[in-house]
Amino acid sequence: MDDADSIDLSDNDEFMLDVEITAANVQDAINMALADDDNSNSNLTTNVDLPQLSDELINFDGNKFGEELLFKIDNDNIEKILYQHWKTFVPQCYIYHTNLIKGIIEQRTQEILFRPLDIYLYGTLNTDDAIQIIRSYNKKSTVCGHLFKSEEPTYFCRDCCVDPTCVLCTDCFLQSEHRKHRYKMNVSAGGGYCDCGDPEAWKQNVHCNLHLPHDDNNESADDILNRLPSDLRLRAKNLFNILLRFIIKLLCTGNYQDIPNELKNEYWDGDHKNYVTILFNDEVHTYDQVIHVLSRAIQCTKQEGHELASLVDREGRTAIRIGTTEQCRDVQQTIRIRTADVPLKCEIYPNSFISLQYFAQKLLTYLQNIIELSDGFRRIFCECEIECDDELDDITRTEKALLSEKMLWKSARSALHQIFINSFFMDSEWKKTFAILYMKCYPMIIRHYRTDFSFLYRADCFLRLSVQLFTTNSLAKYLISSHNAFQTIVDSFLEYCQSKLDHGKLLFSRTTNASLQHEFRRAQSILYDLKYLLGVVPQEYTVELRENFLNGFRVFLQLLSYMHGMDKVARQVGQHVEFDPEWETAFNLVIKIQSIISSILDWCAQDKELLLGAYEATGLALAEIQKTSDISHLIKDKNNSSIVKTTVNDLKVDCYAYDVAKDPISVHIPVVRLFVGKILIKERKTKN
Ligand SMILES: [Zn+2]
Ligand SMILES: [Zn+2]
Ligand SMILES: [Zn+2]
């Protein structure tokens, strides 16, 4: 699945039919398509002049330490020993270069920090052989799950894809039947993954030649685990737990004092020169503004300022000053004062805390490589992801991460996102487990996304996981029926609407304020999720599915009622209209809502009971709108009534005497339109 805001490479719809893509020319095609994009990721960390290594670092023996870990019987102790080790070595292994643009330098990290973990996990010094053996326990995979990097090509097949988010990676595409079909090539915005092998994504040709199904595919979860020796399983579980607990504690905290005392070295508090000012990314300030502020705050050249600004943009944060607390605070103050309207986020931390956070990010990559080795490891890792660390509040590590979006920065967030995809999403049962947790956190994730200036697009935050979950048909159905997903999503949008209500109707004022415009765009994107969720009409309806669909539908009606009659205008006579009232926003919203309404009608058309429920709810909503409408301005007869009797198609009806030439009217009447839609379906149903 890949999100809808990926870039479309093809100019016309029948693109590529005459050009056959092969392994040989695919890179050219991509390069050509991307030639215009400037590559701002030029490597700034070249020519790093390394400082002298301390004796402690030179003399450290990773093998010896690894064996010590391995022969500790008491597993509880291992966490303590590792914490002690990390407290001493992580701040020495990861240090900032004096020229901060060159970033963090890694010194002997493999030997000191990672080698001991390998030895412990694999139970031997000969880790290469152990990895070979563990690999041999794997069955050939029947799904791909390749994760797209930003700007990587994806392939969509018009003939076989269930919906436009279903895509293949290049390797799978070249080995699949779809290359002979009507396909389309896109460029991923990053974060999606290859759907090869997922029966819910394809109408036919589900597997490419690389991921062909085999006979014993219905192996139980236990079988997969039992292929690993029991002592290896035990060590893996223990190690994954320790590492994940550490990672979540370090990355998902807003306060460096919250982390365990065992990890704080002598440079944590007090008077020393090892503090650092960290500047965070936001989407409010332009490059030029940031460069200008930096040149005042740290007296850097324009060039240096530009390099720092690109670093912040790429990584989500960067160090801009190292020194004493006062020196760091001066920089922070200058930046805050000079960006007073919307202050640039900028914090002061002990240097060693940043090193530990950096290490936590590295550990995520390390774990990712390990779980890719073995299905068994991946399952053990998933189990660790749903453990709780805090006995007081029973939220899992996964939820903790999802809810900490505000404290995370781009690269950390993306590392967590990747590991979720590589663990949970590779197996339908675990994907379901994750979906439940995601749904629980959904309102908070939306709130962060909507209000945080550091996100511009969905691709930057956890919300990009929505498309992977909601477009899986069985999962979407399950989330609606068992976890009330329809209502949850609409509620999140209504929460945004509350601030835009005026006399019970949505009112958008004209604004040139970029952050308000972005907020609207971001809030609107919630509606994509709804579109994904309702995208495919189910074949069967259960009692719960109907009930929770209607729950969602009722709040959706609330949204329509807010839109019903918005942006009313009365015909102006006698004078020229100087300014058109703002109307674009409302239309933008209506366009987004349109496809959702068609999905809702499709859902209702399939099931009589659901149709009747929705019909009744719509009627009630309409009656409520009528009751609360202001009709005081209408023409009245001598009995003080505005009702006139008239005949339409031989049908006698009571009608308001409404003069469209004088009274205010609105083109937005979604509830009436929806009601008519329902009547049409109902009539069709009764005829059959
Ligand atoms: Zn693939
Ligand atoms: Zn494949
Ligand atoms: Zn196809």
# chains A, B, ... in the order shown; residues from 1 in each chain; ligands from 1

call {"tool": "residues_near_ligand", "arguments": {"ligand": "ligand 3", "cutoff": "8 Å", "atoms": "only C-alpha atoms and all ligand atoms", "output": "VMD selection string"}}
result
chain A and resid 157 to 161 177 to 183 204 to 205

call {"tool": "write_last_selection", "arguments": {"atoms": "C-alpha atoms", "output": "CSV table (one decimal), in the first residue's frame"}}
result
chain,number,residue,atom,x,y,z
A,157,CYS,CA,-1.9,-2.4,-12.3
A,158,ARG,CA,-5.2,-1.1,-13.6
A,159,ASP,CA,-6.4,-4.6,-14.5
A,160,CYS,CA,-5.7,-6.3,-11.2
A,161,CYS,CA,-5.4,-3.9,-8.3
A,177,GLU,CA,2.3,-10.9,-14.9
A,178,HIS,CA,1.3,-7.3,-14.4
A,179,ARG,CA,4.1,-6.1,-16.6
A,180,LYS,CA,2.0,-7.3,-19.5
A,181,HIS,CA,-1.1,-5.5,-18.2
A,182,ARG,CA,-2.2,-1.9,-18.2
A,183,TYR,CA,0.1,-0.6,-15.5
A,204,GLN,CA,-5.6,-12.0,-9.9
A,205,ASN,CA,-1.8,-12.7,-10.1

call {"tool": "residues_around", "arguments": {"residues": "Glu152 in chain A", "least_positions_apart": "3", "cutoff": "7 Å", "atoms": "only C-alpha atoms", "output": "list in words"}}
result
Phe148, Lys149, Val187 and Ser188 of chain A

call {"tool": "write_last_selection", "arguments": {"atoms": "C-alpha atoms", "output": "PDB file, in the first residue's frame"}}
result
ATOM      1  CA  PHE A 148       9.508   2.154  -0.152  1.00  0.00           C
ATOM      2  CA  LYS A 149      12.023   4.859   0.330  1.00  0.00           C
ATOM      3  CA  VAL A 187       7.016   7.561  -7.300  1.00  0.00           C
ATOM      4  CA  SER A 188       6.488   6.848  -3.643  1.00  0.00           C
TER       5      SER A 188
END

call {"tool": "residues_around", "arguments": {"residues": "range 437-448 of chain A", "least_positions_apart": "2", "cutoff": "7 Å", "atoms": "only C-alpha atoms", "output": "VMD selection string"}}
result
chain A and resid 399 402 to 403 406 433 to 435 450 to 452 463 485 492

call {"tool": "residues_near_ligand", "arguments": {"ligand": "ligand 1", "cutoff": "7 Å", "atoms": "only C-alpha atoms and all ligand atoms", "output": "PyMOL selection string"}}
result
chain A and resi 144-146+168-172+194-196

call {"tool": "residues_near_ligand", "arguments": {"ligand": "ligand 2", "cutoff": "7 Å", "atoms": "only C-alpha atoms and all ligand atoms", "output": "ChimeraX atom specification"}}
result
/A:143-144,172,196-197,207-211

call {"tool": "select_by_dssp", "arguments": {"residues": "range 182-421 of chain A", "states": "strand (DSSP E)", "output": "list in words"}}
result
Tyr183, Lys184, Met185, Asn186, Val187, Tyr275, Val276, Thr277, Ile278, Leu279, Phe280, Arg317, Thr318, Ala319, Ile320, Arg321, Ile322, Gly323, Cys346, Glu347, Ile348, Tyr349 and Pro350 of chain A

call {"tool": "write_last_selection", "arguments": {"atoms": "N, CA, C and O atoms", "output": "compact mmCIF listing (two decimals), in the first residue's frame"}}
result
# COMPACT_ATOMS: atom_id res chain seq x y z
N TYR A 183 -0.45 -1.02 -16.77
CA TYR A 183 0.07 -0.59 -15.47
C TYR A 183 0.47 0.88 -15.51
O TYR A 183 0.51 1.52 -16.56
N LYS A 184 0.76 1.37 -14.34
CA LYS A 184 1.10 2.77 -14.19
C LYS A 184 2.26 2.86 -13.19
O LYS A 184 2.28 2.12 -12.21
N MET A 185 3.18 3.74 -13.47
CA MET A 185 4.34 3.85 -12.59
C MET A 185 4.23 5.15 -11.80
O MET A 185 3.96 6.20 -12.35
N ASN A 186 4.44 5.04 -10.49
CA ASN A 186 4.42 6.22 -9.62
C ASN A 186 5.71 6.32 -8.86
O ASN A 186 6.50 5.38 -8.84
N VAL A 187 5.88 7.45 -8.20
CA VAL A 187 7.02 7.56 -7.30
C VAL A 187 6.47 7.68 -5.89
O VAL A 187 5.58 8.48 -5.62
N TYR A 275 26.70 20.76 27.56
CA TYR A 275 25.30 20.92 27.19
C TYR A 275 25.23 21.24 25.70
O TYR A 275 26.23 21.64 25.09
N VAL A 276 24.04 21.06 25.16
CA VAL A 276 23.92 21.31 23.74
C VAL A 276 22.54 21.93 23.47
O VAL A 276 21.55 21.57 24.10
N THR A 277 22.52 22.92 22.57
CA THR A 277 21.25 23.50 22.14
C THR A 277 20.81 22.80 20.87
O THR A 277 21.58 22.75 19.90
N ILE A 278 19.61 22.25 20.91
CA ILE A 278 19.11 21.51 19.75
C ILE A 278 17.99 22.32 19.09
O ILE A 278 17.07 22.77 19.77
N LEU A 279 18.11 22.50 17.80
CA LEU A 279 17.08 23.22 17.04
C LEU A 279 16.20 22.20 16.31
O LEU A 279 16.71 21.26 15.70
N PHE A 280 14.87 22.37 16.41
CA PHE A 280 13.93 21.43 15.79
C PHE A 280 13.33 22.01 14.52
O PHE A 280 13.25 23.22 14.33
N ARG A 317 15.96 17.60 13.50
CA ARG A 317 16.58 18.42 14.54
C ARG A 317 18.09 18.39 14.37
O ARG A 317 18.62 17.48 13.74
N THR A 318 18.76 19.34 14.97
CA THR A 318 20.23 19.29 14.95
C THR A 318 20.79 20.17 16.06
O THR A 318 20.11 21.05 16.57
N ALA A 319 22.04 19.88 16.44
CA ALA A 319 22.69 20.70 17.46
C ALA A 319 23.21 21.97 16.82
O ALA A 319 23.71 21.94 15.70
N ILE A 320 23.05 23.10 17.53
CA ILE A 320 23.59 24.33 16.96
C ILE A 320 24.61 24.99 17.89
O ILE A 320 25.28 25.93 17.50
N ARG A 321 24.70 24.49 19.11
CA ARG A 321 25.67 25.08 20.04
C ARG A 321 26.04 24.05 21.09
O ARG A 321 25.17 23.36 21.61
N ILE A 322 27.32 23.94 21.40
CA ILE A 322 27.75 23.12 22.52
C ILE A 322 28.45 24.03 23.51
O ILE A 322 29.22 24.90 23.10
N GLY A 323 28.19 23.85 24.78
CA GLY A 323 28.87 24.69 25.77
C GLY A 323 28.25 24.56 27.14
O GLY A 323 27.58 23.57 27.44
N CYS A 346 13.36 24.94 20.25
CA CYS A 346 14.79 24.86 20.47
C CYS A 346 15.01 24.54 21.95
O CYS A 346 14.45 25.20 22.81
N GLU A 347 15.73 23.46 22.24
CA GLU A 347 15.83 22.98 23.63
C GLU A 347 17.29 22.75 24.03
O GLU A 347 18.14 22.57 23.18
N ILE A 348 17.50 22.73 25.36
CA ILE A 348 18.85 22.48 25.86
C ILE A 348 18.90 21.12 26.57
O ILE A 348 18.03 20.83 27.40
N TYR A 349 19.87 20.32 26.22
CA TYR A 349 20.00 18.99 26.83
C TYR A 349 21.44 18.74 27.21
O TYR A 349 22.35 19.32 26.60
N PRO A 350 21.67 17.81 28.16
CA PRO A 350 23.05 17.37 28.36
C PRO A 350 23.48 16.59 27.11
O PRO A 350 22.68 15.83 26.56

call {"tool": "closest_residue", "arguments": {"among": "A:Asp118, A:Asp637, A:Glu495, A:Glu106", "to": "Phe359 in chain A", "atoms": "only C-alpha atoms"}}
result
A:Glu106

call {"tool": "closest_residue", "arguments": {"among": "A:Val573, A:Ile489, A:Ile370, A:Met426", "to": "Leu147 in chain A", "atoms": "only C-alpha atoms"}}
result
A:Met426

call {"tool": "residues_around", "arguments": {"residues": "Glu544 in chain A", "least_positions_apart": "2", "cutoff": "12 Å", "atoms": "only C-alpha atoms", "output": "number ranges by chain"}}
result
A: 477-484, 540-542, 546-551, 610

call {"tool": "write_last_selection", "arguments": {"atoms": "C-alpha atoms", "output": "CSV table (one decimal), in the first residue's frame"}}
result
chain,number,residue,atom,x,y,z
A,477,LYS,CA,-14.5,-4.2,8.2
A,478,TYR,CA,-13.2,-5.5,11.5
A,479,LEU,CA,-12.2,-2.1,12.7
A,480,ILE,CA,-15.6,-0.7,12.0
A,481,SER,CA,-17.6,-3.5,13.6
A,482,SER,CA,-15.4,-4.2,16.6
A,483,HIS,CA,-13.7,-0.9,17.2
A,484,ASN,CA,-16.1,1.7,16.0
A,540,GLU,CA,-21.7,-9.9,4.4
A,541,TYR,CA,-23.1,-7.7,7.1
A,542,THR,CA,-23.1,-8.7,10.8
A,546,ARG,CA,-24.5,-2.5,11.0
A,547,GLU,CA,-24.7,-1.1,14.4
A,548,ASN,CA,-21.3,0.5,14.3
A,549,PHE,CA,-21.7,1.6,10.8
A,550,LEU,CA,-24.8,3.5,11.8
A,551,ASN,CA,-23.0,4.9,14.8
A,610,LEU,CA,-28.6,-1.0,7.0

call {"tool": "residues_around", "arguments": {"residues": "Thr365 in chain A", "least_positions_apart": "6", "cutoff": "12 Å", "atoms": "only C-alpha atoms", "output": "number ranges by chain"}}
result
A: 114, 243-244, 247, 358-359, 371-372, 411-412, 414-420, 422

call {"tool": "write_last_selection", "arguments": {"atoms": "all heavy atoms", "output": "compact mmCIF listing (two decimals), in the first residue's frame"}}
result
# COMPACT_ATOMS: atom_id res chain seq x y z
N PHE A 114 27.79 -2.87 19.65
CA PHE A 114 26.94 -3.85 18.97
C PHE A 114 27.48 -5.28 19.00
O PHE A 114 26.71 -6.22 19.13
CB PHE A 114 26.70 -3.41 17.52
CG PHE A 114 25.90 -2.14 17.45
CD1 PHE A 114 26.51 -0.93 17.18
CD2 PHE A 114 24.53 -2.15 17.73
CE1 PHE A 114 25.77 0.25 17.15
CE2 PHE A 114 23.79 -0.98 17.71
CZ PHE A 114 24.41 0.22 17.41
N LEU A 243 16.27 -3.96 24.84
CA LEU A 243 16.55 -2.90 23.87
C LEU A 243 15.33 -2.03 23.60
O LEU A 243 15.41 -0.81 23.56
CB LEU A 243 17.06 -3.51 22.55
CG LEU A 243 18.37 -4.30 22.63
CD1 LEU A 243 18.83 -4.70 21.24
CD2 LEU A 243 19.47 -3.51 23.33
N LEU A 244 14.18 -2.69 23.47
CA LEU A 244 12.98 -1.93 23.16
C LEU A 244 12.57 -1.02 24.32
O LEU A 244 12.15 0.12 24.13
CB LEU A 244 11.85 -2.90 22.82
CG LEU A 244 10.79 -2.39 21.87
CD1 LEU A 244 11.40 -1.82 20.61
CD2 LEU A 244 9.85 -3.53 21.48
N ILE A 247 14.85 1.88 24.17
CA ILE A 247 14.54 2.76 23.03
C ILE A 247 13.33 3.64 23.34
O ILE A 247 13.36 4.86 23.15
CB ILE A 247 14.27 1.91 21.76
CG1 ILE A 247 15.56 1.28 21.28
CG2 ILE A 247 13.66 2.76 20.65
CD1 ILE A 247 15.38 0.18 20.26
N TYR A 358 20.69 9.08 20.29
CA TYR A 358 21.24 8.72 19.00
C TYR A 358 21.46 7.20 18.94
O TYR A 358 21.15 6.53 17.96
CB TYR A 358 22.56 9.46 18.78
CG TYR A 358 23.12 9.37 17.39
CD1 TYR A 358 22.61 10.17 16.36
CD2 TYR A 358 24.15 8.49 17.09
CE1 TYR A 358 23.11 10.09 15.08
CE2 TYR A 358 24.67 8.40 15.80
CZ TYR A 358 24.14 9.21 14.80
OH TYR A 358 24.65 9.13 13.53
N PHE A 359 21.99 6.68 20.05
CA PHE A 359 22.22 5.23 20.14
C PHE A 359 20.89 4.48 20.04
O PHE A 359 20.79 3.45 19.36
CB PHE A 359 22.93 4.92 21.47
CG PHE A 359 23.16 3.46 21.73
CD1 PHE A 359 23.76 2.64 20.77
CD2 PHE A 359 22.77 2.89 22.94
CE1 PHE A 359 23.98 1.28 21.03
CE2 PHE A 359 22.98 1.54 23.20
CZ PHE A 359 23.57 0.74 22.24
N ILE A 371 15.47 -8.72 12.88
CA ILE A 371 14.18 -9.38 12.64
C ILE A 371 13.99 -9.73 11.17
O ILE A 371 13.20 -10.60 10.84
CB ILE A 371 12.96 -8.57 13.17
CG1 ILE A 371 12.88 -7.20 12.53
CG2 ILE A 371 13.01 -8.47 14.67
CD1 ILE A 371 11.65 -6.43 12.98
N GLU A 372 14.76 -9.10 10.31
CA GLU A 372 14.68 -9.49 8.91
C GLU A 372 15.32 -10.85 8.65
O GLU A 372 15.06 -11.50 7.65
CB GLU A 372 15.35 -8.43 8.02
CG GLU A 372 14.37 -7.33 7.63
CD GLU A 372 15.04 -6.16 6.95
OE1 GLU A 372 16.22 -6.28 6.55
OE2 GLU A 372 14.38 -5.12 6.81
N SER A 411 13.68 11.84 11.99
CA SER A 411 14.40 10.59 11.77
C SER A 411 14.02 9.53 12.80
O SER A 411 13.95 8.35 12.48
CB SER A 411 15.91 10.84 11.76
OG SER A 411 16.30 11.43 12.97
N ALA A 412 13.73 9.95 14.04
CA ALA A 412 13.35 8.98 15.07
C ALA A 412 11.98 8.40 14.74
O ALA A 412 11.74 7.20 14.86
CB ALA A 412 13.30 9.65 16.44
N SER A 414 10.63 8.19 11.84
CA SER A 414 10.66 7.33 10.68
C SER A 414 11.32 5.99 11.02
O SER A 414 10.92 4.95 10.48
CB SER A 414 11.29 8.10 9.53
OG SER A 414 12.41 7.51 9.08
N ALA A 415 12.27 5.96 11.95
CA ALA A 415 12.86 4.68 12.37
C ALA A 415 11.81 3.81 13.06
O ALA A 415 11.73 2.60 12.83
CB ALA A 415 14.04 4.92 13.30
N LEU A 416 10.98 4.41 13.90
CA LEU A 416 9.91 3.66 14.58
C LEU A 416 8.88 3.16 13.57
O LEU A 416 8.44 2.01 13.62
CB LEU A 416 9.21 4.54 15.63
CG LEU A 416 9.99 4.74 16.93
CD1 LEU A 416 9.39 5.90 17.73
CD2 LEU A 416 9.98 3.48 17.77
N HIS A 417 8.52 4.03 12.66
CA HIS A 417 7.56 3.67 11.63
C HIS A 417 8.04 2.45 10.84
O HIS A 417 7.30 1.51 10.60
CB HIS A 417 7.37 4.89 10.72
CG HIS A 417 6.55 4.63 9.51
ND1 HIS A 417 7.11 4.39 8.29
CD2 HIS A 417 5.22 4.56 9.34
CE1 HIS A 417 6.14 4.19 7.41
NE2 HIS A 417 4.99 4.30 8.02
N GLN A 418 9.31 2.48 10.48
CA GLN A 418 9.85 1.38 9.70
C GLN A 418 9.82 0.07 10.46
O GLN A 418 9.53 -0.99 9.91
CB GLN A 418 11.29 1.68 9.32
CG GLN A 418 11.35 2.60 8.16
CD GLN A 418 12.70 2.56 7.47
OE1 GLN A 418 13.50 1.67 7.72
NE2 GLN A 418 12.94 3.53 6.63
N ILE A 419 10.12 0.15 11.75
CA ILE A 419 10.16 -1.11 12.49
C ILE A 419 8.74 -1.64 12.70
O ILE A 419 8.52 -2.85 12.71
CB ILE A 419 10.96 -0.98 13.80
CG1 ILE A 419 11.54 -2.34 14.14
CG2 ILE A 419 10.12 -0.45 14.95
CD1 ILE A 419 12.88 -2.34 14.74
N PHE A 420 7.76 -0.78 12.82
CA PHE A 420 6.36 -1.25 12.89
C PHE A 420 6.01 -2.02 11.62
O PHE A 420 5.45 -3.10 11.66
CB PHE A 420 5.37 -0.09 13.04
CG PHE A 420 5.40 0.56 14.39
CD1 PHE A 420 5.08 1.90 14.55
CD2 PHE A 420 5.72 -0.17 15.53
CE1 PHE A 420 5.10 2.51 15.79
CE2 PHE A 420 5.74 0.42 16.78
CZ PHE A 420 5.44 1.77 16.91
N ASN A 422 8.03 -3.40 9.45
CA ASN A 422 8.80 -4.63 9.28
C ASN A 422 8.44 -5.71 10.28
O ASN A 422 8.81 -6.87 10.09
CB ASN A 422 10.30 -4.34 9.38
CG ASN A 422 10.83 -3.84 8.07
OD1 ASN A 422 10.13 -3.89 7.06
ND2 ASN A 422 12.05 -3.33 8.06

call {"tool": "atom_distance", "arguments": {"atom1": "CA of Cys655 in chain A", "atom2": "CA of Ile643 in chain A"}}
result
5.3 Å

call {"tool": "select_by_dssp", "arguments": {"residues": "range 476-662 of chain A", "states": "helix (DSSP H, G or I)", "output": "PyMOL selection string"}}
result
chain A and resi 476-483+485-498+514-524+526-533+543-563+584-605+608-628

call {"tool": "residues_around", "arguments": {"residues": "range 510-519 of chain A", "least_positions_apart": "6", "cutoff": "12 Å", "atoms": "only C-alpha atoms", "output": "ChimeraX atom specification"}}
result
/A:282-286,341-342,446-458,493,496-497,499-500,525-526,579-586

call {"tool": "residues_around", "arguments": {"residues": "Gly66 in chain A", "least_positions_apart": "3", "cutoff": "7 Å", "atoms": "only C-alpha atoms", "output": "PyMOL selection string"}}
result
chain A and resi 62-63+69-70+116-117+119-120

call {"tool": "write_last_selection", "arguments": {"atoms": "all heavy atoms", "output": "PDB file, in the first residue's frame"}}
result
ATOM      1  N   GLY A  62      35.303  -6.110  22.912  1.00  0.00           N
ATOM      2  CA  GLY A  62      33.886  -6.438  22.734  1.00  0.00           C
ATOM      3  C   GLY A  62      33.600  -7.919  22.883  1.00  0.00           C
ATOM      4  O   GLY A  62      32.566  -8.315  23.429  1.00  0.00           O
ATOM      5  N   ASN A  63      34.529  -8.766  22.406  1.00  0.00           N
ATOM      6  CA  ASN A  63      34.316 -10.209  22.520  1.00  0.00           C
ATOM      7  C   ASN A  63      34.250 -10.643  23.970  1.00  0.00           C
ATOM      8  O   ASN A  63      33.394 -11.434  24.361  1.00  0.00           O
ATOM      9  CB  ASN A  63      35.457 -10.966  21.834  1.00  0.00           C
ATOM     10  CG  ASN A  63      35.319 -10.883  20.318  1.00  0.00           C
ATOM     11  OD1 ASN A  63      34.259 -10.505  19.816  1.00  0.00           O
ATOM     12  ND2 ASN A  63      36.380 -11.212  19.618  1.00  0.00           N
ATOM     13  N   LEU A  69      28.409 -11.382  29.125  1.00  0.00           N
ATOM     14  CA  LEU A  69      26.938 -11.288  29.087  1.00  0.00           C
ATOM     15  C   LEU A  69      26.326 -12.672  28.907  1.00  0.00           C
ATOM     16  O   LEU A  69      25.360 -13.041  29.563  1.00  0.00           O
ATOM     17  CB  LEU A  69      26.486 -10.417  27.910  1.00  0.00           C
ATOM     18  CG  LEU A  69      26.656  -8.917  27.996  1.00  0.00           C
ATOM     19  CD1 LEU A  69      26.163  -8.282  26.703  1.00  0.00           C
ATOM     20  CD2 LEU A  69      25.876  -8.353  29.175  1.00  0.00           C
ATOM     21  N   LEU A  70      26.940 -13.433  28.009  1.00  0.00           N
ATOM     22  CA  LEU A  70      26.406 -14.738  27.653  1.00  0.00           C
ATOM     23  C   LEU A  70      26.410 -15.681  28.853  1.00  0.00           C
ATOM     24  O   LEU A  70      25.509 -16.508  29.011  1.00  0.00           O
ATOM     25  CB  LEU A  70      27.253 -15.303  26.512  1.00  0.00           C
ATOM     26  CG  LEU A  70      26.754 -16.540  25.804  1.00  0.00           C
ATOM     27  CD1 LEU A  70      25.357 -16.322  25.268  1.00  0.00           C
ATOM     28  CD2 LEU A  70      27.708 -16.871  24.660  1.00  0.00           C
ATOM     29  N   PRO A 116      29.021  -6.991  21.357  1.00  0.00           N
ATOM     30  CA  PRO A 116      28.596  -7.755  22.540  1.00  0.00           C
ATOM     31  C   PRO A 116      27.136  -8.210  22.455  1.00  0.00           C
ATOM     32  O   PRO A 116      26.814  -9.323  22.866  1.00  0.00           O
ATOM     33  CB  PRO A 116      28.769  -6.759  23.692  1.00  0.00           C
ATOM     34  CG  PRO A 116      29.777  -5.791  23.218  1.00  0.00           C
ATOM     35  CD  PRO A 116      29.575  -5.674  21.747  1.00  0.00           C
ATOM     36  N   LEU A 117      26.281  -7.387  21.865  1.00  0.00           N
ATOM     37  CA  LEU A 117      24.868  -7.778  21.745  1.00  0.00           C
ATOM     38  C   LEU A 117      24.735  -8.981  20.804  1.00  0.00           C
ATOM     39  O   LEU A 117      23.979  -9.914  21.066  1.00  0.00           O
ATOM     40  CB  LEU A 117      24.026  -6.611  21.206  1.00  0.00           C
ATOM     41  CG  LEU A 117      24.035  -5.317  22.007  1.00  0.00           C
ATOM     42  CD1 LEU A 117      23.122  -4.285  21.341  1.00  0.00           C
ATOM     43  CD2 LEU A 117      23.580  -5.562  23.442  1.00  0.00           C
ATOM     44  N   ILE A 119      26.999 -11.289  20.204  1.00  0.00           N
ATOM     45  CA  ILE A 119      27.506 -12.494  20.858  1.00  0.00           C
ATOM     46  C   ILE A 119      26.483 -13.044  21.839  1.00  0.00           C
ATOM     47  O   ILE A 119      26.219 -14.242  21.891  1.00  0.00           O
ATOM     48  CB  ILE A 119      28.841 -12.192  21.577  1.00  0.00           C
ATOM     49  CG1 ILE A 119      29.901 -11.850  20.533  1.00  0.00           C
ATOM     50  CG2 ILE A 119      29.282 -13.363  22.439  1.00  0.00           C
ATOM     51  CD1 ILE A 119      31.184 -11.296  21.099  1.00  0.00           C
ATOM     52  N   TYR A 120      25.863 -12.160  22.578  1.00  0.00           N
ATOM     53  CA  TYR A 120      24.843 -12.607  23.523  1.00  0.00           C
ATOM     54  C   TYR A 120      23.680 -13.256  22.787  1.00  0.00           C
ATOM     55  O   TYR A 120      23.234 -14.354  23.109  1.00  0.00           O
ATOM     56  CB  TYR A 120      24.348 -11.434  24.371  1.00  0.00           C
ATOM     57  CG  TYR A 120      23.177 -11.807  25.242  1.00  0.00           C
ATOM     58  CD1 TYR A 120      23.368 -12.598  26.384  1.00  0.00           C
ATOM     59  CD2 TYR A 120      21.885 -11.421  24.922  1.00  0.00           C
ATOM     60  CE1 TYR A 120      22.293 -12.980  27.181  1.00  0.00           C
ATOM     61  CE2 TYR A 120      20.805 -11.795  25.706  1.00  0.00           C
ATOM     62  CZ  TYR A 120      21.015 -12.571  26.832  1.00  0.00           C
ATOM     63  OH  TYR A 120      19.950 -12.959  27.607  1.00  0.00           O
TER      64      TYR A 120
END

call {"tool": "closest_residue", "arguments": {"among": "A:Arg233, A:Lys652, A:His272, A:His214", "to": "Arg378 in chain A", "atoms": "only C-alpha atoms"}}
result
A:Arg233
